[in-house]
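Student: The structure under discussion is supplied below as structure tokens; questions concerning it will follow.
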Amino acid sequence: MTRTLARLLQAPSVILLLLWMVVPLGMTIYFSTIRYQLLYPERSGFVGWSNYEFFFTDPAFWPAILNTLTLVGSVLIITVGLGLAIALLIDRSFPGRGVLRVLLISPFFIMPTVNALLWKNMMLHPIYGLFAVFAGFFGLEPIEWLKDAPLLSVIMIVSWQWTPFAILIFITSLQNFDSEQKEAALLDGAGFRARFIYLILPHLARPIAVVIMIQTIFHLSIFAEIFVTTSGGPGVQSTNLAFLIFAQALQGFDVGVASAGGVLAIILANIVAFFLIRMIGRNLAV
Amino acid sequence: MTDRQKQRLLHRSIVTLAWIIGLLMFFPIFWMILTAFKTEQQAISTPPLLFFEPSFDNFLLIQERTDYTKHALNSIITSFGGTALAMIIAIPAACAMAFKPSHLTRDVLLWMLSTKMLPAVGVLMPIYLICQKFGLLDSRFALVFIYAMINLPIIMMILFNYFRDIPKEILEASRMDGASTFAEITQVVMPLARGGIAATAFLSIVLCWNEAFWSIVLTSSDAGTLVALVASFSSPEGLFWAKLSAVSTLACAPIMIFGWFVQKQLVQGMTFGAVK
């Protein structure tokens with residue numbers, strides 16, 4: 001393979017991705033500086049920063065940023081923590097392990113819309129939902145999850161889907177663990193804590209990094225789970241940045257303001273990405 | 001109690017705990033499938049019914065009222081099409097990067113990955129307007145292309161990791177035998193990295209199947225995928241749980257069963273081949 005040929009083979013992927021990135025990005029930046037309302041096409045022209053100003057001063061803006069970060073942070077903590085715990089629990093041989101594994105990882109394959117509707121109706125519904133039935137069984141007042149704790153509900157729904165992802169990766173990685181090392185540590189009388197801190201955690205550093213990176217990519221722009229359950233409400237209590245922009249663009253018909261929001265979302269993602277890429281660059285021999 | 005007995009007791013309680021957790025995790029799915037076989041009345045009965053006479057009416061009604069087959073077909077076409085397109089672009093490129101690396105390779109790969117950080121909402125308006133302009137709203141073609149683009153970075157990353165593990169001597173040997181680059185890729189690299197290529201494709205198919213932003217925003221009746229079909233059931237509050245469960249079960253079953261069979265490969269794919 002000559003150098004020229006190598007470049008030629010890489011060209012389609014690089015050019016397509018470049019177009020896929022640059023064209024929409026350029027258009028988004030351009031739209032964000034003009035007046036562009038779908039309902040009033042006659043209003044147009046350059047407006048400078050005013051779309052950004054409008055988006056910034058939107059009372060929903062800061063809550064949305066905060067919700068976005070809370071969502072990503074909480075889901076990461078829950079999924080990595082639970083994933084680790086469960087992976088360690090099933091990291092032993094017992095009959096039916098394969099079946100249990102299938103049960104544990106299945107939620108990952110459920111599509112987000114189904115996941116959200118399933119939880120909204122059959123689990124969290126304040127009258128017929130199973131949570132309410134259980135609460136009633138213990139004589140407790142049922143909670144209107146989506147109204148009283150909307151963000152928590154979304155966090156729960158997303159975590160249910162992504163904990164299996166963490167389990168799947170951690171358990172696979174644990175299985176490749178050098179069993180001689182484990183036995184040596186046991187013989188030396190190392191307790192569970194010592195083994196966890198000095199053996200297991202270092203071994204799992206890379207899988208954990210991968211899990212965090214992939215999940216952050218997906219969770220920064222969580223959309224379907226919110227769209228289907230709370231529609232960002234009540235008020236803006238469960239509106240994240242992705243949903244706010246969607247609401248501006250396709251419900252408010254204001255392309256200019258939505259584009260300004262888009263640019264901000266891209267900037268936020270890149271701040272997070274900067275740290276993530278550094279982390280993954282360290283952890284993956286690229 | 002002797003130490004041995006203590007160990008055994010601990011083992012048993014851990015296994016029991018693991019089963020309880022597993023059953024709890026799976027319970028919502030079990031409940032969804034169960035509800036799919038209930039009548040609407042049974043679906044919202046209190047206390048919830050665990051035993052009842054199963055009926056298939058919901059499934060029949062779904063097929064009658066919505067077009068399940070069409071949506072399923074759209075899901076299949078877009079996920080397999082998007083994956084195939086991305087693989088066709090990615091395999092030669094990843095080969096070139098792995099076997100003829102330059103000082104830029106690392107940066108190019110990280111740049112590609114960084115395009116995944118571009119949030120879909122950030123480019124929603126341009127893509128929407130471009131599709132509108134070219135009459136590609138609600139078209140499978142647009143979805144195939146978009147799915148190929150959003151998965152290309154991950155696919156490149158994984159394939160690169162796999163190809164790099166192939167010993168270069170094998171390639172050199174085949175070159176000595178006079179193999180062309182095309183033959184090298186199709187007859188040497190692809191068979192050797194078959195597992196990796198399959199893992200990558202599987203992951204991409206699952207991601208496409210469950211992709212829920214572009215499919216909701218860009219499609220309606222013609223190119224609507226199963227994700228969009230289910231989303232269209234989100235408006236009526238609480239009244240059609242049994243039918244909703246039936247359509248959800250139908251939407252998820254194919255990919256879930258697929259996922260059970262290929263879980264090992266999926267992990268390899270998801271961790272860029274870092275965890276094998």
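Residue numbers start at 1 in each chain; chains themselves are named A, B, ... in the order of the structure tokens; ligands are numbered from 1 in the order shown.
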Show me, as a tab-separated table, the residues of chain B having an atom within 7 Å of chain A, each with the closest atom pair and its distance in Å, using only C-alpha atoms.
Tutor:
residue	atom	partner	partner_atom	distance
B:Ile14	CA	A:Leu89	CA	6.3
B:Ala18	CA	A:Leu89	CA	6.2
B:Trp19	CA	A:Leu100	CA	6.7
B:Gly22	CA	A:Leu104	CA	5.1
B:Leu23	CA	A:Leu103	CA	6.8
B:Met25	CA	A:Leu104	CA	6.0
B:Phe26	CA	A:Leu103	CA	5.4
B:Ile44	CA	A:Tyr128	CA	5.8
B:Thr46	CA	A:Tyr128	CA	6.8
B:Ile89	CA	A:Ser13	CA	5.9
B:Ala90	CA	A:Ser13	CA	6.5
B:Pro92	CA	A:Leu9	CA	5.6
B:Ala93	CA	A:Gln10	CA	4.1
B:Ala96	CA	A:Ala6	CA	4.8
B:Lys100	CA	A:Ala6	CA	6.5
B:Arg106	CA	A:Val286	CA	6.1
B:Thr115	CA	A:Met21	CA	6.8
B:Met117	CA	A:Ala269	CA	5.9
B:Leu118	CA	A:Ile266	CA	5.7
B:Pro119	CA	A:Ser221	CA	6.0
B:Val121	CA	A:Ala242	CA	5.8
B:Gly122	CA	A:Gly262	CA	3.6
B:Val123	CA	A:Pro24	CA	5.5
B:Met125	CA	A:Val255	CA	6.7
B:Pro126	CA	A:Pro24	CA	5.2
B:Ile127	CA	A:Pro24	CA	6.5
B:Met149	CA	A:Leu17	CA	6.7
B:Thr181	CA	A:Met1	CA	6.1
B:Asn210	CA	A:Met111	CA	4.7
B:Ala212	CA	A:Ala224	CA	6.0
B:Phe213	CA	A:Ala224	CA	6.6
B:Val227	CA	A:Thr113	CA	6.3
B:Val230	CA	A:Thr113	CA	6.4
B:Ala231	CA	A:Thr113	CA	5.8
B:Ser234	CA	A:Val228	CA	5.9
B:Gly238	CA	A:Asn121	CA	6.1
B:Ser248	CA	A:Val114	CA	5.8
B:Cys252	CA	A:Ile110	CA	5.7
B:Ile255	CA	A:Phe109	CA	6.5
B:Met256	CA	A:Phe109	CA	5.2
B:Gly259	CA	A:Phe109	CA	6.9
B:Trp260	CA	A:Val102	CA	6.4
B:Val267	CA	A:Ile169	CA	5.9
B:Thr271	CA	A:Val210	CA	6.1
B:Val275	CA	A:Ser173	CA	5.9
Student: Pick out each residue of region 86-252 of chain B that DSSP on the backbone tags as alpha helix (DSSP H); I need them as a ChimeraX atom specification.
Tutor: /B:86-99,105-115,124-133,140-164,168-176,181-183,190-192,194-209,214-218,226-231,241-252
